[in-house]
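Just below is one structure, and these are the notes that go with it.
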Number of protein chains: 2
Amino acid sequence: MKTYSSGILQYIPFFYVIWSDDLLSPSEVSVVKHAIEQDGSLNDSDIKTLSNWLAKDKPPSFDIIKHWKQLISNSETKLIESETYPLTSFSQKMVCHYCEACPFNENLKHIEINLGIQPNHYNHLFDVAVVHQKTSDYYRADRLDALLTGKYSLEINSFRKELTNPIFNWEIERDKEQFRGKVLRQVQFLAEKGYGAMAYPEGYGGNGNMELYASIFENLMFVDGSLTIKFGVQFGLFGGSIQKLGTKKHHDQYLTDTGKAKLLGCFAMTETGHGSNVRGIKTTATYEKETDSIVIATPGKNDNKEYIGNALHSTMASVFAQLIVNGKNEGVHAILVPLRTEAHELMPGVSIVDNGYKLGLNGVDNGKIWFNNVRVPRENLLNKYGDILEDGTYTSDIKNPNKRFFTMLGTLVGGRICVARAGLGGAKMALTIAVKHALQRRQFNDSIKIQEDLLMDYPSHQLRLTPAVAKAYVYHITLDHMMKVYSDESVTDKRKIETQVAGLKSVITWFANDTIQECREACGGKGYLLENRFADLKADVDIFTTFEGDNNVLLQLAAKGVLSDFKAEFNSAGFMAVLKLLGSQLSDKLGTINPIYTNKVDKEHLYNPKFHKHAFNYRTRRLTYTLAMRIRDYIKKGIPSYQAFLKVQSHLLTLGKAYSIELAYNTFVDFTETIEDEKYRSLFSQMGTLYALHEIRQDASWYLEQGYLGSSKSKAIRQRVERLCTELRPHIEVLVDGYGIPRHCLTAPIAL
Amino acid sequence: MKTYSSGILQYIPFFYVIWSDDLLSPSEVSVVKHAIEQDGSLNDSDIKTLSNWLAKDKPPSFDIIKHWKQLISNSETKLIESETYPLTSFSQKMVCHYCEACPFNENLKHIEINLGIQPNHYNHLFDVAVVHQKTSDYYRADRLDALLTGKYSLEINSFRKELTNPIFNWEIERDKEQFRGKVLRQVQFLAEKGYGAMAYPEGYGGNGNMELYASIFENLMFVDGSLTIKFGVQFGLFGGSIQKLGTKKHHDQYLTDTGKAKLLGCFAMTETGHGSNVRGIKTTATYEKETDSIVIATPGKNDNKEYIGNALHSTMASVFAQLIVNGKNEGVHAILVPLRTEAHELMPGVSIVDNGYKLGLNGVDNGKIWFNNVRVPRENLLNKYGDILEDGTYTSDIKNPNKRFFTMLGTLVGGRICVARAGLGGAKMALTIAVKHALQRRQFNDSIKIQEDLLMDYPSHQLRLTPAVAKAYVYHITLDHMMKVYSDESVTDKRKIETQVAGLKSVITWFANDTIQECREACGGKGYLLENRFADLKADVDIFTTFEGDNNVLLQLAAKGVLSDFKAEFNSAGFMAVLKLLGSQLSDKLGTINPIYTNKVDKEHLYNPKFHKHAFNYRTRRLTYTLAMRIRDYIKKGIPSYQAFLKVQSHLLTLGKAYSIELAYNTFVDFTETIEDEKYRSLFSQMGTLYALHEIRQDASWYLEQGYLGSSKSKAIRQRVERLCTELRPHIEVLVDGYGIPRHCLTAPIAL
């Protein structure tokens with residue numbers, strides 16, 4: 001067998017790895033070229049030979065490559081994955097086999113680092129003994145967790161410790177009554193510890209901390225979905241409506257007891273006949289001057305309140321109804337209505353029926369509620385944005401009824417962030433179980449191996465799980481940031497954040513559902529057993545796509561927000577101005593799209609956040625512009641605006657998604673830049689890149705249609721996604737551990 | 001207001017509809033042009049004016065179009081959707097308003113038919129009173145059902161009548177013991193009626209009818225998933241293993257009792273440690289010459305049989321084990337092993353443990369089984385493909401152990417078709433409920449309307465449900481055909497059908513899961529209630545992606561089948577020949593891709609099955625060719641074949657899917673051509689087109705990357721998909737009724 005000089009020989013494993021992969025971009029060629037030129041151990045002839053082997057247009061022949069492989073195999077060198085520079089060390093040992101001198105070569109180390117070559121890229125390529133490493137310890141899970149929990153690390157960790165209390169032990173629950181009882185006790189336990197009142201003002205048992213509240217809410221998903229939702233209904237929706245729609249008299253009377261779960265309440269908004277159309281609800285609240293009271297009535301058969309969580313345990317409800325004062329409909333308002341006596345008997349005129357078994361969340365007592373002329377004092381109107389004065393006249397600081405309605409609904413935004421957080425928590429749980437299973441479970445093998453291969457070492461398995469693992473990080477950072485902005489009292493106009501959250505809630509709850517399903521399938525039959533938790537996660541998270549606003553409706557809301565440049569209502573007056581603005585911005589963006597750009601496949605470029613940001617921004621702008629043009633044309637042709645919007649419905653949905661993806665990525669990149677430890681910053685930026693390339697890839701058909709991506713770039717992105725998944729393989733367990741799911745919550749036998 | 005001559009006026013509603021939609025392809029322009037030229041009621045000036053309004057590059061101004069609309073609105077004509085030619089009649093009435101003479105114009109009728117203009121395209125465009133039609137009666141559901149049930153219509157309908165028996169009443173089942181008892185009684189009931197033995201030979205209570213068996217199997221999904229699966233385990237898997245792997249002595253002894261459910265059995269193949277890798281199972285069946293018996297043993301902790309359906313009710317199992325004769329492993333064989341006595345006590349050495357609660361299918365008694373040296377007579381070996389002779393030597397007609405293994409597994413193909421059928425049944429059920437709900441439920445509206453809009457009239461809702469409704473037809477026809485070929489005794493080599501079914505099972509069970517989820521979401525909160533059936537459908541069908549072969553594993557099997565040109569094993573000898581063949585075929589195909597073709601956006605072309613077939617065939621060929629080239633290169637570089645296949649895993653999955661989509665479409669088109677009634681043939685061909693365009697659209701990024709589709713064509717396809725959904729809107733209820741789900745099975749309150 002032909003051999004080479006020791007100078008060339010030391011490069012053989014590198015060249016074999018490089019060429020067997022067929023993925024050498026110009027920037028990577030230059031890394032290798034540079035290293036060779038710097039390498040003092042090479043003579044001119046060596047350099048010439050090696051350089052010849054780097055020509056992309058004239059690659060080494062199959063025979064040469066095969067010969068390299070034989071040289072490597074015949075050396076009987078052992079590959080030790082845990083070494084600091086495994087491939088450089090491997091090369092060195094191989095040279096030792098063939099030659100007398102075999103020093104460690106710094107230039108090889110340089111290539112190994114800069115090309116990001118990892119043992120799992122090549123350990124299967126050589127027929128040599130491999131000392132495997134299931135998981136790298138390069139990163140630490142607790143550091144990742146600390147980055148995610150941020151300034152509330154201490155509080156969140158102490159909360160997680162509370163979850164060790166046996167009251168939170170996970171068990172299979174099939175009977176709804178028993179399950180509901182258990183969840184009620186859990187909610188009461190948390191209330192006693194002060195977690196329920198977390199977001200309320202200081203005088204009422206809390207410390208006004210919505211950010212921490214949202215984190216706790218997500219962490220509850222590691223215990224159980226029903227607990228999370230009942231907790232949210234009691235403290236977030238019912239308590240939140242008192243806090244945000246009521247005034248001091250309501251706070252003084254109810255808020256402390258609500259936070260302690262001494263007063264149990266529900267949030268009665270949705271009606272059977274009107275799921276997503278809150279403005280169209282039919283329940284009436286008519287002010288009766290003679291008695292100075294408000295009469296709550298359910299007019300028709302389908303106008304009852306529906307799916308109301310906590311309906312069977314509550315003694316009070318925040319009821320949303322059309323407020324009628326002096327015969328005039330003043331729009332939707334919330335009124336506190338007692339449902340039951342202290343002895344838990346229904347109040348006169350109130351009827352409540354159990355919603356029965358649901359697909360999931362059977363630990364939450366959902367019910368239907370009817371009101372047959374139920375009379376409550378005038379004071380029960382939650383009167384922050386609209387009030388009835390003593391003289392029986394209606395008053396409001398917000399004169400425009402439309403604006404008033406949206407201001408009141410704006411208080412729901414916090415709930416939407418929480419739902420998305422809960423979905424995310426479910427996805428993290430599923431990913432953690434699936435990844436840990438894939439690091440134990442073996443299936444099939446090469447005939448020469450004794451053990452079957454780990455599931456996690458299959459490329460298809462990496463591709464199923466890794467992008468989702470990275471996305472969960474991106475969405476975590478994004479939602480955390482949204483809550484921070486939302487709870488910032490100095491920002492009074494919440495319309496922008498409302499648009500943003502509407503889109504993110506949709507995108508993230510869908511992501512959660514898809515991820516949980518993928519994880520279930522990735523665990524095969526094991527994933528189907530109740531004990532392994534996917535069943536409940538899947539069933540509970542499913543409805544997150546529907547409640548707190550149906551995703552399809554919310555995406556349209558987000559798109560309309562974008563379209564009207566964050567104005568509350570799309571109107572033709574502002575429309576032309578917006579259009580003009582968009583048109584000019586877009587032409588700027590379009591200017592940069594040239595053939596060199598659309599076919600740039602360099603790693604440097606593809607991994608550069610500037611490229612990702614540009615691609616996302618271009619998409620949002622372009623979709624907004626074309627959408628606006630289409631609507632304008634329809635309107636010019638005399639088509640009524642409502643119909644015009646119907647005609648562009650799928651365009652609206654596309655824009656809503658595009659906008660949300662861009663928003664999430666930008667938020668994540670901003671966060672990544674603040675990470676001080678370079679090692680972790682680089683990991684986060686790798687996850688950001690995977691997120692971005694995976695998302696661009698998902699919508700490649702659009703980018704190709706627009707001419708934004710050329711064929712070769714589109715293909716290169718696909719390959720980079722696969723490669724990034726492989727690159728993250730050694731860290732995958734640490735990444736899921738970084739979600740910080742407490743050990744005592746990870747009860748799934750397959751995750752142990 | 002400017003008016004027109006009566007000749008022009010009659011065309012105004014048509015031109016308004018055409019231009020408001022902006023979707024006028026050259027072939028459509030020519031339809032209108034032709035009609036105008038033929039129209040004797042027009043003078044030369046009229047013809048000139050109308051022709052000018054047809055120029056795609058110089059469309060009528062917004063003002064003109066808006067003026068048309070005002071003319072229409074001011075005419076106060078009523079639009080009556082149920083008229084035979086609603087737009088032509090509408091035009092006529094409008095002319096009556098403005099002019100004295102207003103005859104019915106045959107040329108307009110011609111345009112209305114040929115452009116496929118339907119009331120739901122334009123009823124929202126004019127501000128006129130509309131007499132709505134929720135559903136068209138142009139097609140009849142029973143005719144569609146008859147086309148789907150084909151030659152077994154009578155038998156299937158009589159089977160459906162059996163389902164009215166109260167034993168099949170749907171109820172919420174939460175307790176597994178009670179549920180399992182109920183399902184067992186249902187299975188016994190069906191067995192007594194002769195349905196269990198359906199596929200067995202005549203002497204054993206059946207009539208060898210696998211096709212009818214598969215249809216019945218699917219219909220059982222309308223009752224309950226657990227019933228379907230337990231039925232399949234008992235008669236299809238356990239009984240099927242006796243029928244297909246056993247010989248006459250086994251048939252005589254067991255088959256009649258099995259068909260009558262007097263002998264309950266299970267199919268013990270899967271092991272805890274080996275889900276998809278059947279060849280790697282560890283249970284041993286060692287022949288002991290002294291006692292002329294076979295000893296069944298579970299060697300290790302994870303080698304027990306797992307998820308075995310019917311495990312708690314059975315008295316016997318078909319156990320798959322490594323057969324060892326005279327110390328030599330002869331590979332996997334099936335052996336009948338008694339599990340319990342007549343008193344239902346476990347046999348010595350047999351341990352069975354309940355698998356407990358699962359995500360779904362809780363009416364099926366799945367369990368784990370261990371064998372501690374359980375001895376059975378030699379005769380219990382199911383010996384069709386391999387036998388132990390009286391002298392204790394092993395013999396088989398199939399010398400190659402590999403081939404023997406695959407021949408035995410080939411008998412599983414029928415089960416895979418049935419699983420796909422069952423998934424399809426679940427999807428049909430979900431679609432029927434979601435469509436019926438969308439035809440009753442109203443949400444939001446135009447401010448001028450009194451009623452809110454029907455969900456089904458939202459474009460986004462149409463886009464969610466309609467392609468799936470059509471796909472269910474395509475997959476039904478495909479699976480029916482597959483079962484016909486599979487059960488054709490004259491085809492002895494089943495390898496081709498095995499490849500086909502492996503791919504189709506994956507694609508169709510994923511389709512089923514996605515569809516059920518989409519339907520759940522499309523029904524909002526209502527869809528989340530157990531009574532509305534999505535919960536069980538979703539939970540039961542979920543595991544179909546995993547059992548009878550994990551979808552990802554099966555797709556790779558399909559792709560390998562394609563790759564090796566249907567040779568059982570991929571080997572390097574045959575490889576070059578296959579490659580050469582593919583290369584030459586591919587260059588033929590490539591020859592036809594020219595710029596005119598890649599940008600052809602004409603309706604005629606886009607709706608032409610030739611285009612669809614070409615697109616699908618091109619994709620399969622191209623993926624096969626590039627895959628083969630990649631593998632060849634890896635192997636030439638010295639990478640072991642097992643590793644090379646790992647490296648192309650996602651390519652394999654893509655090919656597996658592409659192949660299956662092509663197969664389904666071609667099968668459907670072949671069937672469509674056999675429909676005699678032109679009216680129904682045209683409906684089927686419309687559904688085929690929707691299927692094809694939707695699938696091409698799903699993979700548009702690939703087609704664009706290849707240069708097979710140009711931007712404009714890709715966009716035109718997207719528009720056509722939306723338009724086809726609108727075109728099918730009037731028939732959507734008839735289409736789901738055509739699935740033939742018995743009224744008594746449609747218990748979901750929202751579907752009533």
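In the structure tokens, chains take the letters A, B, ... in the order shown, each chain's residues start at 1, and ligands count up from 1 in the order shown.
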**OP:** Please provide the set of residues having any atom within 8 Å of Phe267 in chain A, restricted to only C-alpha atoms, with same-chain residues fewer than 4 positions apart removed, written as a PyMOL selection string.
**Re:** chain A and resi 233+237-238+241+308-309+317-319
Just-selected residues, N, CA and C atoms written as an mmCIF file, in the first residue's frame:
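Output below, filename out-v1.cif:
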data_model
loop_
_atom_site.group_PDB
_atom_site.id
_atom_site.type_symbol
_atom_site.label_atom_id
_atom_site.label_comp_id
_atom_site.auth_asym_id
_atom_site.auth_seq_id
_atom_site.Cartn_x
_atom_site.Cartn_y
_atom_site.Cartn_z
ATOM 1 N N VAL A 233 -56.877 29.940 35.947
ATOM 2 C CA VAL A 233 -58.255 30.436 35.971
ATOM 3 C C VAL A 233 -58.511 31.188 37.272
ATOM 4 N N LEU A 237 -57.090 34.610 35.624
ATOM 5 C CA LEU A 237 -58.274 35.119 34.932
ATOM 6 C C LEU A 237 -59.278 35.741 35.902
ATOM 7 N N PHE A 238 -59.724 34.948 36.882
ATOM 8 C CA PHE A 238 -60.712 35.506 37.822
ATOM 9 C C PHE A 238 -60.064 36.647 38.621
ATOM 10 N N SER A 241 -59.072 39.615 36.485
ATOM 11 C CA SER A 241 -60.157 40.503 36.049
ATOM 12 C C SER A 241 -60.510 41.486 37.171
ATOM 13 N N ILE A 308 -66.475 26.974 31.184
ATOM 14 C CA ILE A 308 -65.973 27.862 32.211
ATOM 15 C C ILE A 308 -65.225 27.048 33.269
ATOM 16 N N GLY A 309 -63.909 27.241 33.340
ATOM 17 C CA GLY A 309 -63.087 26.519 34.303
ATOM 18 C C GLY A 309 -63.405 26.960 35.713
ATOM 19 N N ALA A 317 -68.315 34.573 39.996
ATOM 20 C CA ALA A 317 -67.816 34.622 38.615
ATOM 21 C C ALA A 317 -67.669 36.059 38.154
ATOM 22 N N SER A 318 -66.652 36.281 37.327
ATOM 23 C CA SER A 318 -66.550 37.509 36.553
ATOM 24 C C SER A 318 -67.325 37.251 35.281
ATOM 25 N N VAL A 319 -68.489 37.885 35.155
ATOM 26 C CA VAL A 319 -69.333 37.579 33.998
ATOM 27 C C VAL A 319 -69.216 38.682 32.957
#
**OP:** Could you give me, as a list in words, the residues within 10 Å of Val435 in chain B, counting only C-alpha atoms and dropping anything in the same chain fewer than 6 positions from it?
**Re:**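 Close residues of Val435 in chain B: Arg441, Leu455, Met456, His461, Gln462, Leu465, Thr466, Val469, Cys519, Ala522, Cys523, Ile732, Glu733, Leu735, Val736, Asp737, Ile750 and Ala751 of chain B.
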Just all heavy atoms for this one: save the residues we selected as a CSV table (one decimal), in the first residue's frame.
chain,number,residue,atom,x,y,z
B,441,ARG,N,-72.4,26.0,12.4
B,441,ARG,CA,-71.8,27.0,13.3
B,441,ARG,C,-71.5,28.3,12.6
B,441,ARG,O,-70.9,28.3,11.5
B,441,ARG,CB,-70.5,26.4,13.9
B,441,ARG,CG,-69.7,27.3,14.7
B,441,ARG,CD,-70.3,27.4,16.1
B,441,ARG,NE,-69.4,28.1,17.0
B,441,ARG,CZ,-69.6,28.3,18.3
B,441,ARG,NH1,-70.8,27.9,18.8
B,441,ARG,NH2,-68.8,29.0,19.0
B,455,LEU,N,-69.0,28.8,9.4
B,455,LEU,CA,-67.6,28.5,9.3
B,455,LEU,C,-67.1,27.9,8.0
B,455,LEU,O,-66.1,28.3,7.5
B,455,LEU,CB,-67.2,27.4,10.4
B,455,LEU,CG,-67.3,27.8,11.9
B,455,LEU,CD1,-66.8,26.6,12.7
B,455,LEU,CD2,-66.4,29.0,12.1
B,456,MET,N,-68.0,27.1,7.4
B,456,MET,CA,-67.6,26.5,6.1
B,456,MET,C,-67.5,27.5,5.0
B,456,MET,O,-66.9,27.2,3.9
B,456,MET,CB,-68.7,25.5,5.7
B,456,MET,CG,-68.2,24.4,4.8
B,456,MET,SD,-66.9,23.3,5.5
B,456,MET,CE,-65.6,23.5,4.3
B,461,HIS,N,-61.1,28.1,6.4
B,461,HIS,CA,-61.8,26.8,6.8
B,461,HIS,C,-61.9,25.8,5.7
B,461,HIS,O,-61.7,24.6,5.9
B,461,HIS,CB,-63.2,27.1,7.4
B,461,HIS,CG,-63.5,26.3,8.6
B,461,HIS,ND1,-63.0,26.6,9.8
B,461,HIS,CD2,-64.3,25.2,8.7
B,461,HIS,CE1,-63.5,25.7,10.7
B,461,HIS,NE2,-64.2,24.8,10.0
B,462,GLN,N,-62.2,26.3,4.5
B,462,GLN,CA,-62.3,25.5,3.3
B,462,GLN,C,-60.9,24.8,3.1
B,462,GLN,O,-60.8,23.7,2.7
B,462,GLN,CB,-62.8,26.3,2.1
B,462,GLN,CG,-64.2,26.7,2.2
B,462,GLN,CD,-64.6,27.7,1.2
B,462,GLN,OE1,-63.8,28.0,0.2
B,462,GLN,NE2,-65.8,28.3,1.3
B,465,LEU,N,-60.1,21.9,5.5
B,465,LEU,CA,-60.8,20.7,5.4
B,465,LEU,C,-61.0,20.0,4.0
B,465,LEU,O,-60.9,18.8,3.9
B,465,LEU,CB,-62.3,20.9,6.0
B,465,LEU,CG,-62.3,21.4,7.5
B,465,LEU,CD1,-63.8,21.5,7.9
B,465,LEU,CD2,-61.6,20.4,8.4
B,466,THR,N,-61.1,20.9,3.0
B,466,THR,CA,-61.4,20.3,1.7
B,466,THR,C,-60.3,19.4,1.1
B,466,THR,O,-60.7,18.3,0.6
B,466,THR,CB,-61.8,21.4,0.7
B,466,THR,OG1,-62.6,22.4,1.4
B,466,THR,CG2,-62.6,20.9,-0.5
B,469,VAL,N,-60.7,16.1,2.7
B,469,VAL,CA,-61.9,15.4,2.3
B,469,VAL,C,-61.6,14.7,0.9
B,469,VAL,O,-61.9,13.5,0.8
B,469,VAL,CB,-63.1,16.4,2.1
B,469,VAL,CG1,-64.2,15.7,1.3
B,469,VAL,CG2,-63.6,16.9,3.5
B,519,CYS,N,-59.3,18.7,12.3
B,519,CYS,CA,-60.7,18.7,12.5
B,519,CYS,C,-61.0,19.1,14.0
B,519,CYS,O,-62.0,19.8,14.2
B,519,CYS,CB,-61.3,17.3,12.2
B,519,CYS,SG,-61.3,16.9,10.5
B,522,ALA,N,-60.6,22.7,14.2
B,522,ALA,CA,-61.6,23.4,13.4
B,522,ALA,C,-62.9,23.4,14.1
B,522,ALA,O,-63.8,24.2,13.8
B,522,ALA,CB,-61.8,22.7,12.0
B,523,CYS,N,-63.1,22.6,15.1
B,523,CYS,CA,-64.4,22.6,15.9
B,523,CYS,C,-64.2,23.4,17.2
B,523,CYS,O,-65.1,23.4,18.0
B,523,CYS,CB,-64.9,21.2,16.2
B,523,CYS,SG,-65.4,20.4,14.6
B,732,ILE,N,-69.6,19.8,-0.4
B,732,ILE,CA,-68.8,19.3,0.7
B,732,ILE,C,-69.6,18.4,1.6
B,732,ILE,O,-69.1,17.3,2.1
B,732,ILE,CB,-68.1,20.5,1.5
B,732,ILE,CG1,-67.0,20.0,2.4
B,732,ILE,CG2,-69.1,21.3,2.3
B,732,ILE,CD1,-65.7,19.8,1.7
B,733,GLU,N,-70.8,18.7,1.9
B,733,GLU,CA,-71.6,17.8,2.8
B,733,GLU,C,-71.9,16.5,2.1
B,733,GLU,O,-71.8,15.4,2.7
B,733,GLU,CB,-72.9,18.5,3.2
B,733,GLU,CG,-73.6,17.6,4.2
B,733,GLU,CD,-74.7,18.4,5.0
B,733,GLU,OE1,-75.2,19.4,4.5
B,733,GLU,OE2,-75.0,18.0,6.1
B,735,LEU,N,-70.0,15.1,-0.1
B,735,LEU,CA,-68.8,14.4,-0.2
B,735,LEU,C,-68.5,13.6,1.1
B,735,LEU,O,-68.1,12.5,1.1
B,735,LEU,CB,-67.6,15.3,-0.4
B,735,LEU,CG,-67.5,15.8,-1.9
B,735,LEU,CD1,-66.4,16.9,-2.0
B,735,LEU,CD2,-67.2,14.7,-2.8
B,736,VAL,N,-68.8,14.3,2.3
B,736,VAL,CA,-68.5,13.5,3.5
B,736,VAL,C,-69.6,12.5,3.7
B,736,VAL,O,-69.4,11.4,4.2
B,736,VAL,CB,-68.3,14.4,4.8
B,736,VAL,CG1,-67.1,15.2,4.6
B,736,VAL,CG2,-69.5,15.3,5.0
B,737,ASP,N,-70.8,12.8,3.3
B,737,ASP,CA,-71.9,11.8,3.4
B,737,ASP,C,-71.6,10.6,2.6
B,737,ASP,O,-72.0,9.4,2.9
B,737,ASP,CB,-73.3,12.4,3.0
B,737,ASP,CG,-73.8,13.3,4.1
B,737,ASP,OD1,-73.4,13.1,5.3
B,737,ASP,OD2,-74.7,14.1,3.8
B,750,ILE,N,-72.4,17.7,17.9
B,750,ILE,CA,-72.1,18.8,17.0
B,750,ILE,C,-72.3,18.4,15.5
B,750,ILE,O,-72.3,19.3,14.7
B,750,ILE,CB,-70.7,19.5,17.1
B,750,ILE,CG1,-69.6,18.4,17.0
B,750,ILE,CG2,-70.6,20.3,18.4
B,750,ILE,CD1,-68.3,19.1,16.8
B,751,ALA,N,-72.4,17.1,15.3
B,751,ALA,CA,-72.6,16.7,13.9
B,751,ALA,C,-74.1,16.5,13.6
B,751,ALA,O,-74.5,16.1,12.5
B,751,ALA,CB,-71.9,15.4,13.6
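Residues in contact with range 480-482 of chain A at 10 Å, where only C-alpha atoms are counted and same-chain residues fewer than 5 positions away are skipped, are listed as Leu148, Thr149, Gly150, Glu211, Leu212, Ala214, Ser215, Val413, Gly414, Ile417, Cys418, Arg421, Tyr475, Ser487, Asp488, Ile497, Glu498, Gln500, Val501, Leu504, Ala664, Thr667, Phe668 and Phe671 of chain A.
Across the model, the gap from CA of Glu218 in chain B to CA of Phe544 in chain B is 13.1 Å.
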Original post:
Got a sec: who's within 10 Å of Glu76 in chain B, counting only C-alpha atoms, leaving out chain neighbours fewer than 2 positions off, as a list in words?
Top reply: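 These residues fall inside the cut-off: Leu71, Ile72, Ser73, Asn74, Lys78, Leu79, Lys93, Met94, His97, Phe126, Asp127, Val128 and Ala129 of chain B.
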For those residues, write N, CA, C and O atoms to a file as a PDB file, in the first residue's frame.
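Listed below is the output, out.pdb:
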ATOM      1  N   LEU B  71     -73.765  49.237 -10.725  1.00  0.00           N
ATOM      2  CA  LEU B  71     -74.859  48.864 -11.629  1.00  0.00           C
ATOM      3  C   LEU B  71     -75.568  47.613 -11.111  1.00  0.00           C
ATOM      4  O   LEU B  71     -76.798  47.523 -11.101  1.00  0.00           O
ATOM      5  N   ILE B  72     -74.769  46.661 -10.687  1.00  0.00           N
ATOM      6  CA  ILE B  72     -75.338  45.412 -10.199  1.00  0.00           C
ATOM      7  C   ILE B  72     -76.150  45.662  -8.932  1.00  0.00           C
ATOM      8  O   ILE B  72     -77.307  45.253  -8.818  1.00  0.00           O
ATOM      9  N   SER B  73     -75.551  46.383  -7.991  1.00  0.00           N
ATOM     10  CA  SER B  73     -76.218  46.630  -6.709  1.00  0.00           C
ATOM     11  C   SER B  73     -77.515  47.418  -6.909  1.00  0.00           C
ATOM     12  O   SER B  73     -78.548  47.083  -6.334  1.00  0.00           O
ATOM     13  N   ASN B  74     -77.419  48.435  -7.747  1.00  0.00           N
ATOM     14  CA  ASN B  74     -78.604  49.282  -7.943  1.00  0.00           C
ATOM     15  C   ASN B  74     -79.768  48.553  -8.610  1.00  0.00           C
ATOM     16  O   ASN B  74     -80.902  48.986  -8.519  1.00  0.00           O
ATOM     17  N   LYS B  78     -82.274  39.837  -7.094  1.00  0.00           N
ATOM     18  CA  LYS B  78     -82.029  38.843  -6.055  1.00  0.00           C
ATOM     19  C   LYS B  78     -81.220  37.687  -6.659  1.00  0.00           C
ATOM     20  O   LYS B  78     -81.502  37.232  -7.768  1.00  0.00           O
ATOM     21  N   LEU B  79     -80.223  37.227  -5.913  1.00  0.00           N
ATOM     22  CA  LEU B  79     -79.417  36.092  -6.396  1.00  0.00           C
ATOM     23  C   LEU B  79     -79.970  34.806  -5.779  1.00  0.00           C
ATOM     24  O   LEU B  79     -80.014  34.671  -4.557  1.00  0.00           O
ATOM     25  N   LYS B  93     -82.034  38.814 -15.084  1.00  0.00           N
ATOM     26  CA  LYS B  93     -82.917  39.629 -14.260  1.00  0.00           C
ATOM     27  C   LYS B  93     -82.393  41.061 -14.134  1.00  0.00           C
ATOM     28  O   LYS B  93     -83.166  42.016 -14.071  1.00  0.00           O
ATOM     29  N   MET B  94     -81.077  41.189 -14.102  1.00  0.00           N
ATOM     30  CA  MET B  94     -80.506  42.520 -14.004  1.00  0.00           C
ATOM     31  C   MET B  94     -80.822  43.327 -15.274  1.00  0.00           C
ATOM     32  O   MET B  94     -81.173  44.510 -15.205  1.00  0.00           O
ATOM     33  N   HIS B  97     -84.179  44.691 -15.294  1.00  0.00           N
ATOM     34  CA  HIS B  97     -84.353  45.902 -14.485  1.00  0.00           C
ATOM     35  C   HIS B  97     -84.063  47.159 -15.303  1.00  0.00           C
ATOM     36  O   HIS B  97     -84.762  48.165 -15.190  1.00  0.00           O
ATOM     37  N   PHE B 126     -71.520  41.119  -4.592  1.00  0.00           N
ATOM     38  CA  PHE B 126     -72.549  42.128  -4.893  1.00  0.00           C
ATOM     39  C   PHE B 126     -73.280  42.465  -3.601  1.00  0.00           C
ATOM     40  O   PHE B 126     -73.480  41.607  -2.757  1.00  0.00           O
ATOM     41  N   ASP B 127     -73.725  43.698  -3.456  1.00  0.00           N
ATOM     42  CA  ASP B 127     -74.576  44.030  -2.308  1.00  0.00           C
ATOM     43  C   ASP B 127     -76.026  43.755  -2.678  1.00  0.00           C
ATOM     44  O   ASP B 127     -76.812  44.682  -2.849  1.00  0.00           O
ATOM     45  N   VAL B 128     -76.352  42.489  -2.856  1.00  0.00           N
ATOM     46  CA  VAL B 128     -77.738  42.162  -3.238  1.00  0.00           C
ATOM     47  C   VAL B 128     -78.234  41.068  -2.297  1.00  0.00           C
ATOM     48  O   VAL B 128     -77.454  40.425  -1.596  1.00  0.00           O
ATOM     49  N   ALA B 129     -79.543  40.885  -2.308  1.00  0.00           N
ATOM     50  CA  ALA B 129     -80.122  39.829  -1.482  1.00  0.00           C
ATOM     51  C   ALA B 129     -79.741  38.475  -2.083  1.00  0.00           C
ATOM     52  O   ALA B 129     -79.738  38.302  -3.306  1.00  0.00           O
TER      53      ALA B 129
END
